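In what follows, a structure is listed as structure tokens, so that the remarks can point back to it.
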Amino acid sequence: MKIVVLAGGLSDERDVSLSSGSQIANALMSKKHQVLLVDLIEGTPEFTTFDEAYKELKKEEYSYVIPETAPDLDKIKADYKLTSEIGENIIPLCQSADMVFLALHGGIGENGKLQALFDIYNINYTGSSHKGSALAMDKLLAKELMAFHGINTPKWQIYEEGIIPNLPCVVKPNNNGSSIGIAIVDTITEFNVAIEAAKRFKTDILLEEKVSGREFAVGVLGSETLPIIEIIPKIGFYDYKNKYQAGSAEEVTPADISLNLTEEMQSMALKTHHILGLSGYSRIDFMMNQKNEIFCIEANTLPGMTPTSLLPQEAKASGLDYDDLCEKLIEVSKKK
């Protein structure tokens, strides 16, 4: 197949995406596909078709190392002289390919906007539709749907000026991923600092009940769940650094929990996947408190595919290596 792997873009998760995209491109090349890794904001200015671009831009191997801090988007806008979040010739390039593998995280790559555009141009892509992507990316809407359908999720409220928070709580931007902008606060001073930091993302700010306990993730592949993975950060919580810097967290797959808890969490993951209208694959994140009560935190429509990412580790525990997983994600996406 002729496959465009789209990565990067103008998102706080840009670096994560470029790392995911590199790994995915290498995996698909090992499966004998013709593969081009393309930055969404860069595009292919000199080439309008896959064949033209592939002839000049193909590589034997891709690589990208994630820095410890999130990217400076203002600097990226200036460096690229951006007038659009979609680079030159992205649409004709993707139209001329057999499949677009979306390795994007955050921004228009995960909030449904790019998916809607691709639907208009009849471009085949991996992952969920524009509707499911938009619902999952909006944490408030997702939590309201979870609660309505009986899925246990931490209590929440939207931040307004002058609000008196119920401490401790979790402060998080409503439309971000990779734990960027998230802070766990115990005092008013910490709360005020976290709010000011979250405001820079120019989105609603969610104040969520803090659930102390163990953290888990459940991958959904097609209509089935993968083995549960437990995440144990060595320091602090599972923030941006702990997610993407090797050795910052211990991950255990399958998670050391009872069969009853395993079945309950996997059932909640599938239900969340379906009520948000997701398709192909996803990763659903959970917390479990000391009473073994399970709380669904959020759904990820394009989960990370870096060397330390959770979905590949879960797939490996089920007998599916990284290269085969990438091939499988294309297969399940064809069926949506």
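Chain identifiers are assigned as A, B, and so on, following the order in which chains appear in the structure tokens; residues are numbered from 1 within each chain, and ligands are numbered from 1 in order of appearance.
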
**Members of segment 178-298 of chain A assigned helix (DSSP H, G or I) by DSSP, as a PyMOL selection string** = chain A and resi 188-199+240-244+259-275

Residues of segment 56-78 of chain A that approach segment 19-37 of chain A to 7 Å or less, counting only C-alpha atoms: could you list each one with the shortest pair of atoms and its distance in Å to one decimal, rows by chain and increasing residue number, as a Markdown table?
```
| residue | atom | partner | partner_atom | distance |
| --- | --- | --- | --- | --- |
| A:Lys58 | CA | A:Leu36 | CA | 6.0 |
| A:Glu61 | CA | A:Asn26 | CA | 6.0 |
| A:Tyr62 | CA | A:Ser22 | CA | 4.9 |
| A:Ser63 | CA | A:Ser22 | CA | 5.3 |
| A:Tyr64 | CA | A:Ser19 | CA | 4.9 |
| A:Val65 | CA | A:Ser19 | CA | 6.3 |
| A:Ile66 | CA | A:Ser19 | CA | 6.6 |
```

Export of prior selection with N, CA, C and O atoms as a tab-separated table (two decimals), in the first residue's frame:
```tsv
chain	number	residue	atom	x	y	z
A	58	LYS	N	11.53	9.68	0.13
A	58	LYS	CA	11.53	8.45	0.92
A	58	LYS	C	12.84	8.28	1.69
A	58	LYS	O	13.90	8.74	1.27
A	61	GLU	N	15.00	4.94	7.06
A	61	GLU	CA	14.61	4.85	8.46
A	61	GLU	C	14.32	6.26	9.01
A	61	GLU	O	14.95	7.24	8.59
A	62	TYR	N	13.35	6.34	9.93
A	62	TYR	CA	13.01	7.60	10.57
A	62	TYR	C	13.31	7.50	12.06
A	62	TYR	O	13.24	6.42	12.65
A	63	SER	N	13.62	8.65	12.68
A	63	SER	CA	13.83	8.68	14.13
A	63	SER	C	13.53	10.07	14.66
A	63	SER	O	13.68	11.07	13.94
A	64	TYR	N	13.11	10.14	15.93
A	64	TYR	CA	12.85	11.42	16.58
A	64	TYR	C	12.86	11.20	18.08
A	64	TYR	O	12.19	10.29	18.59
A	65	VAL	N	13.62	12.02	18.80
A	65	VAL	CA	13.72	11.91	20.25
A	65	VAL	C	12.90	13.04	20.88
A	65	VAL	O	13.05	14.20	20.52
A	66	ILE	N	12.01	12.69	21.82
A	66	ILE	CA	11.13	13.67	22.46
A	66	ILE	C	11.90	14.45	23.53
A	66	ILE	O	12.47	13.85	24.45
```

Subject >> Long-range neighbours of segment 120-136 of chain A as a PyMOL selection string, 6 Å cut-off, only C-alpha atoms, 5 positions minimum in chain >> reply: chain A and resi 95+99-102+110-112+115+142+276-280+299+333

How would the residues just picked look written out with all heavy atoms as a short mmCIF file (atom, residue, chain, number, x, y, z; two decimals), in the first residue's frame?
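Final file, result_15.cif:
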```
data_model
loop_
_atom_site.label_atom_id
_atom_site.label_comp_id
_atom_site.auth_asym_id
_atom_site.auth_seq_id
_atom_site.Cartn_x
_atom_site.Cartn_y
_atom_site.Cartn_z
N GLN A 95 -4.87 12.28 -0.94
CA GLN A 95 -5.84 11.72 -1.89
C GLN A 95 -5.19 10.68 -2.79
O GLN A 95 -5.85 9.71 -3.20
CB GLN A 95 -6.45 12.83 -2.76
CG GLN A 95 -7.55 13.62 -2.09
CD GLN A 95 -8.12 14.68 -3.02
OE1 GLN A 95 -7.38 15.49 -3.58
NE2 GLN A 95 -9.43 14.67 -3.19
N MET A 99 -3.86 5.03 2.00
CA MET A 99 -4.26 5.19 3.40
C MET A 99 -3.41 6.27 4.04
O MET A 99 -2.23 6.42 3.73
CB MET A 99 -4.08 3.87 4.16
CG MET A 99 -4.34 3.92 5.65
SD MET A 99 -6.07 4.27 6.08
CE MET A 99 -6.84 2.69 5.64
N VAL A 100 -4.03 7.03 4.93
CA VAL A 100 -3.29 7.99 5.76
C VAL A 100 -3.31 7.46 7.19
O VAL A 100 -4.37 7.25 7.77
CB VAL A 100 -3.93 9.39 5.72
CG1 VAL A 100 -3.17 10.34 6.66
CG2 VAL A 100 -3.92 9.94 4.30
N PHE A 101 -2.13 7.22 7.73
CA PHE A 101 -2.01 6.77 9.12
C PHE A 101 -1.84 8.02 9.96
O PHE A 101 -0.83 8.71 9.87
CB PHE A 101 -0.80 5.85 9.28
CG PHE A 101 -0.87 5.01 10.53
CD1 PHE A 101 -0.92 3.62 10.45
CD2 PHE A 101 -0.88 5.59 11.79
CE1 PHE A 101 -0.98 2.85 11.60
CE2 PHE A 101 -0.95 4.83 12.94
CZ PHE A 101 -0.99 3.46 12.85
N LEU A 102 -2.83 8.32 10.78
CA LEU A 102 -2.79 9.52 11.61
C LEU A 102 -1.97 9.25 12.87
O LEU A 102 -2.42 8.59 13.79
CB LEU A 102 -4.20 9.96 11.98
CG LEU A 102 -5.07 10.43 10.81
CD1 LEU A 102 -6.47 10.82 11.30
CD2 LEU A 102 -4.43 11.60 10.07
N GLU A 110 -6.59 15.53 16.26
CA GLU A 110 -7.30 14.63 17.16
C GLU A 110 -8.66 15.15 17.59
O GLU A 110 -9.44 14.41 18.19
CB GLU A 110 -6.43 14.33 18.39
CG GLU A 110 -6.82 13.05 19.11
CD GLU A 110 -5.79 12.61 20.13
OE1 GLU A 110 -4.74 13.29 20.31
OE2 GLU A 110 -6.02 11.56 20.76
N ASN A 111 -8.97 16.41 17.27
CA ASN A 111 -10.25 16.97 17.71
C ASN A 111 -11.37 16.82 16.68
O ASN A 111 -12.47 17.34 16.87
CB ASN A 111 -10.10 18.43 18.13
CG ASN A 111 -9.72 19.35 16.97
OD1 ASN A 111 -9.81 19.00 15.80
ND2 ASN A 111 -9.26 20.55 17.31
N GLY A 112 -11.09 16.13 15.59
CA GLY A 112 -12.12 15.85 14.59
C GLY A 112 -12.10 16.75 13.37
O GLY A 112 -12.71 16.42 12.34
N GLN A 115 -10.24 15.03 10.45
CA GLN A 115 -11.05 13.89 10.02
C GLN A 115 -12.24 14.35 9.18
O GLN A 115 -12.58 13.72 8.16
CB GLN A 115 -11.53 13.09 11.23
CG GLN A 115 -10.46 12.29 11.95
CD GLN A 115 -9.64 13.11 12.94
OE1 GLN A 115 -9.76 14.32 13.01
NE2 GLN A 115 -8.82 12.43 13.73
N ALA A 142 -17.20 14.50 27.10
CA ALA A 142 -16.95 13.08 27.30
C ALA A 142 -17.39 12.63 28.69
O ALA A 142 -18.04 11.59 28.86
CB ALA A 142 -15.47 12.77 27.08
N LEU A 276 -18.88 7.01 23.05
CA LEU A 276 -18.27 8.18 22.45
C LEU A 276 -18.21 8.07 20.92
O LEU A 276 -17.73 8.99 20.25
CB LEU A 276 -16.86 8.40 23.01
CG LEU A 276 -16.77 8.77 24.49
CD1 LEU A 276 -15.32 8.92 24.93
CD2 LEU A 276 -17.55 10.05 24.78
N GLY A 277 -18.70 6.97 20.39
CA GLY A 277 -18.74 6.79 18.94
C GLY A 277 -17.37 6.55 18.34
O GLY A 277 -17.12 6.93 17.18
N LEU A 278 -16.47 5.91 19.10
CA LEU A 278 -15.12 5.67 18.59
C LEU A 278 -15.10 4.42 17.72
O LEU A 278 -15.97 3.56 17.82
CB LEU A 278 -14.14 5.53 19.75
CG LEU A 278 -14.15 6.67 20.78
CD1 LEU A 278 -13.04 6.49 21.80
CD2 LEU A 278 -14.05 8.02 20.10
N SER A 279 -14.10 4.34 16.87
CA SER A 279 -13.99 3.19 15.97
C SER A 279 -12.53 2.89 15.68
O SER A 279 -11.66 3.75 15.83
CB SER A 279 -14.73 3.46 14.65
OG SER A 279 -14.25 4.64 14.03
N GLY A 280 -12.27 1.66 15.28
CA GLY A 280 -10.90 1.25 14.98
C GLY A 280 -10.14 0.89 16.24
O GLY A 280 -9.96 -0.28 16.57
N ALA A 299 -10.75 9.25 27.32
CA ALA A 299 -10.53 8.37 26.18
C ALA A 299 -9.57 9.04 25.21
O ALA A 299 -9.64 10.25 24.98
CB ALA A 299 -11.86 8.07 25.48
N SER A 333 -9.12 -0.02 10.91
CA SER A 333 -9.59 1.29 10.45
C SER A 333 -10.31 1.18 9.11
O SER A 333 -11.18 1.99 8.81
CB SER A 333 -8.41 2.26 10.34
OG SER A 333 -7.84 2.52 11.61
#
```

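Nearest to Glu144 of chain A of all the residues A:Leu104, A:Asp39, A:Trp156, A:Val193 is A:Trp156, counting only C-alpha atoms.
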
### Message
To test your reading of the structure, identify every residue in segment 109-311 of chain A that backbone DSSP assigns to strand (DSSP E), and report it as a ChimeraX atom specification.
### Response
/A:156-158,169-173,183-185,205-209,213-221,224-225,229-233,249-252,281-289,294-300

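Here the question is which of A:Met287, A:Leu73, A:Ala183, A:Leu221 gets nearest to Glu327 of chain A using only C-alpha atoms, and that residue is A:Leu221.
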
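Near Asp204 of chain A, within a cut-off of 7 Å and counting only C-alpha atoms, sit the residues Ile158, Pro173 and Asn174 of chain A, with same-chain residues fewer than 4 positions away left out.
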
Output of the above residues as a CSV table (one decimal), in the first residue's frame, restricted to C-alpha atoms:
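Wrote it out as result_21.csv, contents follow:
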```csv
chain,number,residue,atom,x,y,z
A,158,ILE,CA,-15.7,24.1,35.0
A,173,PRO,CA,-7.2,22.2,30.2
A,174,ASN,CA,-10.4,20.8,28.6
```

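Separating atom CA of Lys335 of chain A from atom CA of Glu298 of chain A is a distance of 24.1 Å.
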
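Coordinates place atom CA of Val5 of chain A at a distance of 20.5 Å from atom CA of Ile76 of chain A.
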
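Between atom CA of Leu114 of chain A and atom CA of Lys202 of chain A the interatomic distance comes to 19.9 Å.
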
Find the residues near segment 228-230 of chain A: any atom within 9 Å, counting only C-alpha atoms, skip ones fewer than 4 places away on the same chain, and give them as a short mmCIF file (atom, residue, chain, number, x, y, z; two decimals) with all heavy atoms, in the first residue's frame.
```cif
data_model
loop_
_atom_site.label_atom_id
_atom_site.label_comp_id
_atom_site.auth_asym_id
_atom_site.auth_seq_id
_atom_site.Cartn_x
_atom_site.Cartn_y
_atom_site.Cartn_z
N ARG A 214 -4.23 3.83 42.20
CA ARG A 214 -3.47 3.24 41.11
C ARG A 214 -4.02 3.69 39.75
O ARG A 214 -5.21 3.93 39.61
CB ARG A 214 -3.51 1.71 41.22
CG ARG A 214 -2.93 1.20 42.53
CD ARG A 214 -3.32 -0.25 42.81
NE ARG A 214 -2.68 -1.18 41.89
CZ ARG A 214 -2.89 -2.50 41.88
NH1 ARG A 214 -3.76 -3.03 42.76
NH2 ARG A 214 -2.28 -3.27 41.02
N GLU A 215 -3.11 3.78 38.78
CA GLU A 215 -3.50 4.26 37.45
C GLU A 215 -3.34 3.15 36.43
O GLU A 215 -2.35 2.41 36.42
CB GLU A 215 -2.63 5.46 37.07
CG GLU A 215 -3.06 6.12 35.76
CD GLU A 215 -2.43 7.49 35.56
OE1 GLU A 215 -1.72 7.96 36.47
OE2 GLU A 215 -2.68 8.09 34.50
N PHE A 216 -4.35 3.06 35.53
CA PHE A 216 -4.38 2.00 34.53
C PHE A 216 -4.79 2.55 33.16
O PHE A 216 -5.34 3.64 33.06
CB PHE A 216 -5.38 0.91 34.93
CG PHE A 216 -5.12 0.29 36.27
CD1 PHE A 216 -5.66 0.85 37.43
CD2 PHE A 216 -4.34 -0.85 36.39
CE1 PHE A 216 -5.43 0.28 38.68
CE2 PHE A 216 -4.11 -1.43 37.64
CZ PHE A 216 -4.67 -0.86 38.78
N ALA A 217 -4.54 1.75 32.12
CA ALA A 217 -5.04 2.07 30.79
C ALA A 217 -5.46 0.78 30.12
O ALA A 217 -4.87 -0.28 30.35
CB ALA A 217 -3.97 2.78 29.96
N VAL A 218 -6.50 0.89 29.28
CA VAL A 218 -7.02 -0.27 28.57
C VAL A 218 -7.12 0.09 27.09
O VAL A 218 -7.85 1.00 26.70
CB VAL A 218 -8.41 -0.69 29.09
CG1 VAL A 218 -8.89 -1.94 28.34
CG2 VAL A 218 -8.36 -0.95 30.58
N GLY A 219 -6.40 -0.63 26.27
CA GLY A 219 -6.48 -0.44 24.83
C GLY A 219 -7.66 -1.18 24.25
O GLY A 219 -7.99 -2.29 24.67
N GLU A 250 7.30 2.93 35.75
CA GLU A 250 7.24 1.47 35.56
C GLU A 250 5.86 1.12 35.04
O GLU A 250 4.85 1.63 35.52
CB GLU A 250 7.48 0.76 36.90
CG GLU A 250 7.42 -0.76 36.80
CD GLU A 250 7.56 -1.43 38.15
OE1 GLU A 250 7.74 -0.72 39.17
OE2 GLU A 250 7.47 -2.67 38.19
N GLU A 251 5.83 0.29 34.00
CA GLU A 251 4.55 -0.13 33.43
C GLU A 251 4.44 -1.65 33.51
O GLU A 251 5.37 -2.36 33.10
CB GLU A 251 4.41 0.36 31.98
CG GLU A 251 4.11 1.85 31.88
CD GLU A 251 5.17 2.63 31.10
OE1 GLU A 251 6.06 1.99 30.52
OE2 GLU A 251 5.10 3.87 31.10
N VAL A 252 3.33 -2.13 34.04
CA VAL A 252 3.16 -3.56 34.26
C VAL A 252 1.98 -4.07 33.43
O VAL A 252 0.85 -3.60 33.57
CB VAL A 252 2.89 -3.85 35.76
CG1 VAL A 252 2.72 -5.35 35.99
CG2 VAL A 252 4.02 -3.29 36.62
N THR A 253 2.28 -5.03 32.56
CA THR A 253 1.25 -5.63 31.71
C THR A 253 1.41 -7.14 31.69
O THR A 253 2.50 -7.63 31.41
CB THR A 253 1.37 -5.13 30.25
OG1 THR A 253 1.58 -3.73 30.23
CG2 THR A 253 0.15 -5.49 29.45
N PRO A 254 0.35 -7.90 31.95
CA PRO A 254 -0.97 -7.43 32.40
C PRO A 254 -0.92 -6.95 33.85
O PRO A 254 -0.09 -7.41 34.64
CB PRO A 254 -1.85 -8.67 32.26
CG PRO A 254 -0.91 -9.83 32.36
CD PRO A 254 0.39 -9.37 31.78
N ALA A 255 -1.79 -6.02 34.17
CA ALA A 255 -1.82 -5.44 35.51
C ALA A 255 -2.13 -6.50 36.56
O ALA A 255 -2.89 -7.45 36.32
CB ALA A 255 -2.87 -4.33 35.56
N ASP A 256 -1.51 -6.32 37.72
CA ASP A 256 -1.70 -7.28 38.82
C ASP A 256 -2.96 -6.92 39.61
O ASP A 256 -2.90 -6.35 40.71
CB ASP A 256 -0.46 -7.25 39.73
CG ASP A 256 -0.53 -8.29 40.84
OD1 ASP A 256 -1.36 -9.23 40.71
OD2 ASP A 256 0.22 -8.16 41.82
N THR A 262 -10.42 -6.86 36.56
CA THR A 262 -9.99 -6.83 35.15
C THR A 262 -11.20 -6.79 34.23
O THR A 262 -11.27 -5.96 33.30
CB THR A 262 -9.14 -8.07 34.83
OG1 THR A 262 -7.93 -8.04 35.60
CG2 THR A 262 -8.77 -8.13 33.35
N MET A 265 -13.05 -3.38 34.48
CA MET A 265 -12.37 -2.27 33.82
C MET A 265 -12.42 -2.42 32.30
O MET A 265 -12.63 -1.44 31.56
CB MET A 265 -10.92 -2.20 34.30
CG MET A 265 -10.23 -0.87 34.00
SD MET A 265 -8.53 -0.79 34.65
CE MET A 265 -8.81 -0.93 36.42
N GLN A 266 -12.23 -3.62 31.80
CA GLN A 266 -12.29 -3.85 30.35
C GLN A 266 -13.69 -3.59 29.82
O GLN A 266 -13.86 -3.03 28.73
CB GLN A 266 -11.83 -5.27 30.01
CG GLN A 266 -10.33 -5.46 30.20
CD GLN A 266 -9.88 -6.88 29.92
OE1 GLN A 266 -10.60 -7.84 30.18
NE2 GLN A 266 -8.67 -7.03 29.39
N LEU A 310 1.81 3.21 25.89
CA LEU A 310 1.07 2.15 26.57
C LEU A 310 0.44 1.15 25.61
O LEU A 310 0.50 -0.06 25.84
CB LEU A 310 -0.01 2.77 27.46
CG LEU A 310 0.48 3.81 28.48
CD1 LEU A 310 -0.68 4.37 29.27
CD2 LEU A 310 1.54 3.22 29.40
N LEU A 311 -0.20 1.63 24.55
CA LEU A 311 -0.90 0.72 23.63
C LEU A 311 0.04 -0.33 23.05
O LEU A 311 -0.31 -1.52 23.03
CB LEU A 311 -1.60 1.52 22.53
CG LEU A 311 -2.51 0.69 21.62
CD1 LEU A 311 -3.78 0.28 22.37
CD2 LEU A 311 -2.90 1.48 20.36
N GLN A 313 2.68 -1.59 24.36
CA GLN A 313 3.02 -2.53 25.42
C GLN A 313 1.88 -3.50 25.69
O GLN A 313 2.09 -4.70 25.92
CB GLN A 313 3.37 -1.78 26.70
CG GLN A 313 4.65 -0.96 26.61
CD GLN A 313 5.06 -0.38 27.95
OE1 GLN A 313 5.34 -1.13 28.90
NE2 GLN A 313 5.10 0.94 28.05
N GLU A 314 0.65 -2.99 25.66
CA GLU A 314 -0.52 -3.86 25.85
C GLU A 314 -0.63 -4.86 24.72
O GLU A 314 -0.93 -6.05 24.94
CB GLU A 314 -1.79 -3.01 25.93
CG GLU A 314 -1.88 -2.13 27.16
CD GLU A 314 -3.16 -1.32 27.16
OE1 GLU A 314 -4.25 -1.93 27.25
OE2 GLU A 314 -3.08 -0.08 27.06
#
```

The residue from A:Ile330, A:Ala315, A:Ser282, A:Pro307 with the smallest atom-to-atom distance to Val4 of chain A, counting only C-alpha atoms, is A:Ile330
